[in-house]
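Have a look at upload_27.tsv; it's TSV, C-alpha atoms:
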chain	number	residue	atom	x	y	z
A	1	MET	CA	-16.99	-19.75	-22.77
A	2	GLU	CA	-17.89	-21.49	-19.55
A	3	ARG	CA	-16.18	-20.46	-16.33
A	4	LEU	CA	-14.12	-23.08	-14.57
A	5	LYS	CA	-15.12	-23.84	-11.01
A	6	VAL	CA	-12.35	-23.38	-8.47
A	7	ASP	CA	-12.74	-24.92	-5.04
A	8	THR	CA	-11.59	-22.31	-2.53
A	9	ASN	CA	-11.81	-24.83	0.31
A	10	VAL	CA	-8.45	-26.36	-0.68
A	11	VAL	CA	-6.92	-24.95	2.49
A	12	ALA	CA	-9.04	-25.45	5.59
A	13	GLN	CA	-8.06	-22.21	7.31
A	14	GLU	CA	-7.05	-19.12	5.44
A	15	GLY	CA	-4.36	-16.96	6.89
A	16	PRO	CA	-4.44	-13.19	7.25
A	17	ALA	CA	-3.12	-12.56	3.74
A	18	MET	CA	-5.87	-14.61	2.09
A	19	ALA	CA	-8.49	-13.11	4.41
A	20	ALA	CA	-7.51	-9.64	3.11
A	21	LEU	CA	-8.58	-10.55	-0.45
A	22	ASN	CA	-12.01	-10.42	-2.05
A	23	GLU	CA	-13.61	-13.67	-3.29
A	24	ARG	CA	-12.42	-13.37	-6.90
A	25	GLN	CA	-8.86	-12.65	-5.79
A	26	LYS	CA	-8.98	-15.72	-3.53
A	27	ARG	CA	-10.22	-17.84	-6.43
A	28	PHE	CA	-7.38	-16.42	-8.57
A	29	VAL	CA	-4.75	-17.42	-5.98
A	30	HIS	CA	-6.13	-20.96	-5.64
A	31	ALA	CA	-6.46	-21.33	-9.43
A	32	LEU	CA	-2.75	-20.55	-9.84
A	33	PHE	CA	-2.04	-23.79	-8.00
A	34	LEU	CA	-4.50	-25.75	-10.13
A	35	ALA	CA	-3.29	-24.53	-13.52
A	36	PRO	CA	-2.51	-27.47	-15.83
A	37	ARG	CA	0.89	-26.01	-16.78
A	38	SER	CA	3.10	-23.13	-15.75
A	39	HIS	CA	2.99	-21.26	-19.07
A	40	GLY	CA	-0.32	-19.39	-19.17
A	41	SER	CA	-1.13	-20.11	-15.53
A	42	ARG	CA	-2.08	-16.50	-14.78
A	43	THR	CA	-4.42	-16.44	-17.80
A	44	PHE	CA	-5.96	-19.73	-16.65
A	45	ALA	CA	-6.31	-18.42	-13.07
A	46	ALA	CA	-7.90	-15.12	-14.14
A	47	LYS	CA	-10.46	-16.97	-16.26
A	48	ALA	CA	-11.13	-19.57	-13.56
A	49	ALA	CA	-11.61	-16.84	-10.94
A	50	GLY	CA	-14.30	-15.14	-13.04
A	51	TYR	CA	-12.38	-12.17	-14.41
A	52	GLY	CA	-13.10	-10.85	-17.89
A	53	THR	CA	-16.21	-11.52	-19.93
A	54	PRO	CA	-17.26	-14.53	-22.01
A	55	THR	CA	-15.78	-12.80	-25.06
A	56	SER	CA	-12.50	-11.69	-23.38
A	57	SER	CA	-9.40	-12.57	-25.40
A	58	ARG	CA	-6.49	-14.57	-23.98
A	59	LYS	CA	-4.41	-11.39	-24.17
A	60	SER	CA	-6.94	-9.49	-22.08
A	61	LEU	CA	-7.08	-12.30	-19.50
A	62	SER	CA	-3.29	-12.45	-19.52
A	63	GLN	CA	-3.10	-8.74	-18.69
A	64	ILE	CA	-5.65	-9.16	-15.90
A	65	GLY	CA	-3.66	-12.11	-14.54
A	66	HIS	CA	-0.46	-10.09	-14.67
A	67	GLN	CA	-2.08	-7.17	-12.83
A	68	LEU	CA	-3.41	-9.47	-10.14
A	69	SER	CA	-0.12	-11.30	-9.68
A	70	THR	CA	1.79	-8.03	-9.18
A	71	ASP	CA	-0.61	-6.79	-6.49
A	72	PRO	CA	1.27	-6.94	-3.13
A	73	LYS	CA	-1.82	-8.28	-1.32
A	74	VAL	CA	-2.19	-11.09	-3.87
A	75	GLN	CA	1.55	-11.83	-3.69
A	76	ALA	CA	1.35	-12.14	0.10
A	77	ALA	CA	-1.58	-14.54	-0.27
A	78	ILE	CA	0.31	-16.60	-2.88
A	79	SER	CA	3.22	-16.89	-0.46
A	80	GLU	CA	0.88	-17.90	2.37
A	81	VAL	CA	-0.88	-20.58	0.28
A	82	SER	CA	2.45	-21.83	-1.09
A	83	ALA	CA	3.68	-22.49	2.44
A	84	SER	CA	0.50	-24.42	3.18
A	85	TYR	CA	0.85	-26.54	0.03
A	86	LEU	CA	4.54	-27.22	0.73
A	87	THR	CA	3.71	-28.40	4.23
A	88	THR	CA	1.18	-30.89	2.93
A	89	LEU	CA	3.67	-32.11	0.30
A	90	GLY	CA	6.13	-33.12	3.03
A	91	PRO	CA	4.86	-36.68	3.68
A	92	PRO	CA	4.74	-37.77	0.00
A	93	ALA	CA	8.18	-36.21	-0.57
A	94	VAL	CA	9.61	-38.16	2.36
A	95	ARG	CA	7.99	-41.38	1.06
A	96	ALA	CA	9.48	-40.79	-2.40
A	97	LEU	CA	12.92	-40.12	-0.92
A	98	ARG	CA	12.69	-43.25	1.22
A	99	LYS	CA	11.78	-45.29	-1.88
A	100	LEU	CA	14.75	-43.82	-3.74
A	101	LEU	CA	17.10	-44.65	-0.87
A	102	GLU	CA	15.87	-48.24	-0.82
A	103	ASP	CA	17.05	-48.65	-4.44
A	104	PRO	CA	20.87	-48.49	-4.46
A	105	GLY	CA	20.85	-48.91	-8.24
A	106	HIS	CA	18.90	-45.69	-8.78
A	107	LYS	CA	20.95	-43.09	-10.66
A	108	ASP	CA	20.29	-40.45	-7.95
A	109	HIS	CA	20.84	-42.75	-4.95
A	110	GLY	CA	24.16	-41.09	-4.06
A	111	ARG	CA	22.76	-37.59	-4.42
A	112	ALA	CA	19.83	-38.47	-2.16
A	113	LEU	CA	22.23	-39.84	0.46
A	114	GLY	CA	24.26	-36.64	0.28
A	115	ILE	CA	21.18	-34.45	0.66
A	116	ILE	CA	20.01	-36.38	3.69
A	117	MET	CA	23.44	-36.44	5.31
A	118	ASP	CA	23.79	-32.68	4.80
A	119	ARG	CA	20.56	-32.18	6.72
A	120	VAL	CA	21.15	-34.78	9.41
A	121	THR	CA	24.75	-33.83	10.13
A	122	PRO	CA	25.49	-30.49	8.50
A	123	ILE	CA	29.08	-29.79	7.62
A	124	GLN	CA	30.62	-27.39	10.08
A	125	SER	CA	33.82	-25.48	9.70
A	126	THR	CA	35.69	-23.19	12.00
A	127	ALA	CA	37.80	-20.28	10.89
A	128	VAL	CA	40.22	-18.36	13.04
A	129	LEU	CA	40.92	-14.83	11.99
A	130	LYS	CA	43.70	-12.97	13.71
A	131	VAL	CA	43.76	-9.23	13.24
A	132	GLU	CA	46.68	-7.30	14.54
A	133	GLY	CA	47.17	-3.61	14.52
A	134	GLU	CA	47.81	-0.61	16.64
A	135	VAL	CA	45.53	2.32	17.05
A	136	LYS	CA	47.31	5.55	17.71
A	137	ILE	CA	45.44	8.63	18.71
A	138	SER	CA	47.03	11.91	19.56
A	139	SER	CA	46.08	13.77	22.70
A	140	GLY	CA	44.64	16.54	20.48
A	141	ASP	CA	42.33	14.03	18.71
A	142	ALA	CA	41.31	12.58	22.08
A	143	ALA	CA	40.52	16.05	23.40
A	144	ARG	CA	38.33	16.83	20.34
A	145	VAL	CA	36.45	13.54	20.77
A	146	MET	CA	35.89	14.22	24.46
A	147	ASP	CA	34.69	17.76	23.71
A	148	ARG	CA	32.21	16.40	21.14
A	149	ILE	CA	30.93	13.80	23.61
A	150	GLU	CA	30.46	16.53	26.20
A	151	GLU	CA	28.63	18.72	23.65
A	152	LEU	CA	26.26	15.89	22.65
A	153	SER	CA	25.59	14.84	26.24
A	154	THR	CA	24.63	18.44	27.08
A	155	LYS	CA	22.46	18.75	23.96
A	156	PHE	CA	20.56	15.53	24.71
A	157	MET	CA	20.64	16.00	28.49
A	158	VAL	CA	22.51	12.78	29.20
A	159	ALA	CA	24.55	12.60	32.38
A	160	LEU	CA	27.95	11.10	31.78
A	161	PRO	CA	29.98	9.35	34.48
A	162	GLN	CA	33.28	10.88	35.41
A	163	PRO	CA	36.04	9.61	33.13
A	164	LYS	CA	38.30	6.94	34.55
A	165	VAL	CA	41.79	8.28	35.05
A	166	ILE	CA	44.58	5.83	34.52
A	167	GLU	CA	47.49	6.62	36.76
A	168	HIS	CA	51.02	6.82	35.47
A	169	GLU	CA	49.73	7.80	32.03
A	170	ALA	CA	51.82	10.37	30.29
A	171	THR	CA	49.82	13.27	28.90
A	172	GLU	CA	51.00	15.78	26.38
Structure rendered as structure tokens:
Amino acid sequence: MERLKVDTNVVAQEGPAMAALNERQKRFVHALFLAPRSHGSRTFAAKAAGYGTPTSSRKSLSQIGHQLSTDPKVQAAISEVSASYLTTLGPPAVRALRKLLEDPGHKDHGRALGIIMDRVTPIQSTAVLKVEGEVKISSGDAARVMDRIEELSTKFMVALPQPKVIEHEATE
């Protein structure tokens, strides 16, 4: 079986995740994006990247592809390359959307309008939440809290300011 040639120059500059991979791993990542269909793409990519032998079975290549695709370094590179591909797909996607919007008879014309309006002028809502309640603390609880604060400030050598005394406050 002849190896498929994968052009690793698809992306002009590789990011740090791709740079961390060896050449075969890089070819594997790029081949995932060139696979003719989604089912069997890891098998295709493993074979295209040069893994296995000429007599390797599809099952063996599938296992190699699975191992590679679960490697965190390879996953980071896939994410990095995906972002690059998505960026370059922006202009044709915008052209396609513009063409769809120019055809009011298209079955998805209304959906496209909605999508664009949601991004141009996102729906905003305001909620007012009123919480009422009363916190009651006994002087004994307050004293325990203050003692614990004093203990922790001493333990961690933190100087505390003098507590503010509120006049006309009844103490028990």
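Distances to Gly15 in chain A were evaluated for A:Leu86, A:Ala76, A:Val165, A:Leu61 using only C-alpha atoms, and the minimum falls at A:Ala76.
Proximity of A:Ile149, A:Glu134, A:Lys73, A:Ala31 to Pro161 in chain A, computed with only C-alpha atoms, is greatest for A:Ile149.
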May I have the residues within 12 Å of Lys26 in chain A as a PyMOL selection string, using all atoms listed in the file and disregarding those fewer than 3 positions away in the same chain? chain A and resi 6-11+14-23+29-33+45-46+48-51+68-69+73-78+80-81
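As for CA of Thr121 in chain A and CA of Leu100 in chain A, they are spaced 19.8 Å apart.
Counting only C-alpha atoms and comparing A:Thr43, A:Ser138, A:Thr87, A:Thr126, the residue that lies closest to Lys59 in chain A is A:Thr43.
Proximity ranking of A:Ile166, A:Leu101, A:Ile64, A:Ala112 relative to Phe28 in chain A places A:Ile64 first, based on all atoms listed in the file.
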Length of the CA of Ser57 in chain A to CA of Pro72 in chain A vector [Å]: 25.3 Å
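The gap separating CA of Ser139 in chain A from CA of Ala159 in chain A is 23.6 Å, in Å to one decimal.
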With all atoms listed in the file as the counted atoms, please give the residues lying no more than 12 Å from Ser60 in chain A, apart from itself and same-chain residues fewer than 5 positions off, as an mmCIF file with C-alpha atoms, keeping the file's coordinate frame.
data_model
loop_
_atom_site.group_PDB
_atom_site.id
_atom_site.type_symbol
_atom_site.label_atom_id
_atom_site.label_comp_id
_atom_site.auth_asym_id
_atom_site.auth_seq_id
_atom_site.Cartn_x
_atom_site.Cartn_y
_atom_site.Cartn_z
ATOM 1 C CA ARG A 42 -2.080 -16.500 -14.780
ATOM 2 C CA THR A 43 -4.420 -16.440 -17.800
ATOM 3 C CA PHE A 44 -5.960 -19.730 -16.650
ATOM 4 C CA ALA A 46 -7.900 -15.120 -14.140
ATOM 5 C CA LYS A 47 -10.460 -16.970 -16.260
ATOM 6 C CA TYR A 51 -12.380 -12.170 -14.410
ATOM 7 C CA GLY A 52 -13.100 -10.850 -17.890
ATOM 8 C CA THR A 53 -16.210 -11.520 -19.930
ATOM 9 C CA PRO A 54 -17.260 -14.530 -22.010
ATOM 10 C CA THR A 55 -15.780 -12.800 -25.060
ATOM 11 C CA GLY A 65 -3.660 -12.110 -14.540
ATOM 12 C CA HIS A 66 -0.460 -10.090 -14.670
ATOM 13 C CA GLN A 67 -2.080 -7.170 -12.830
#
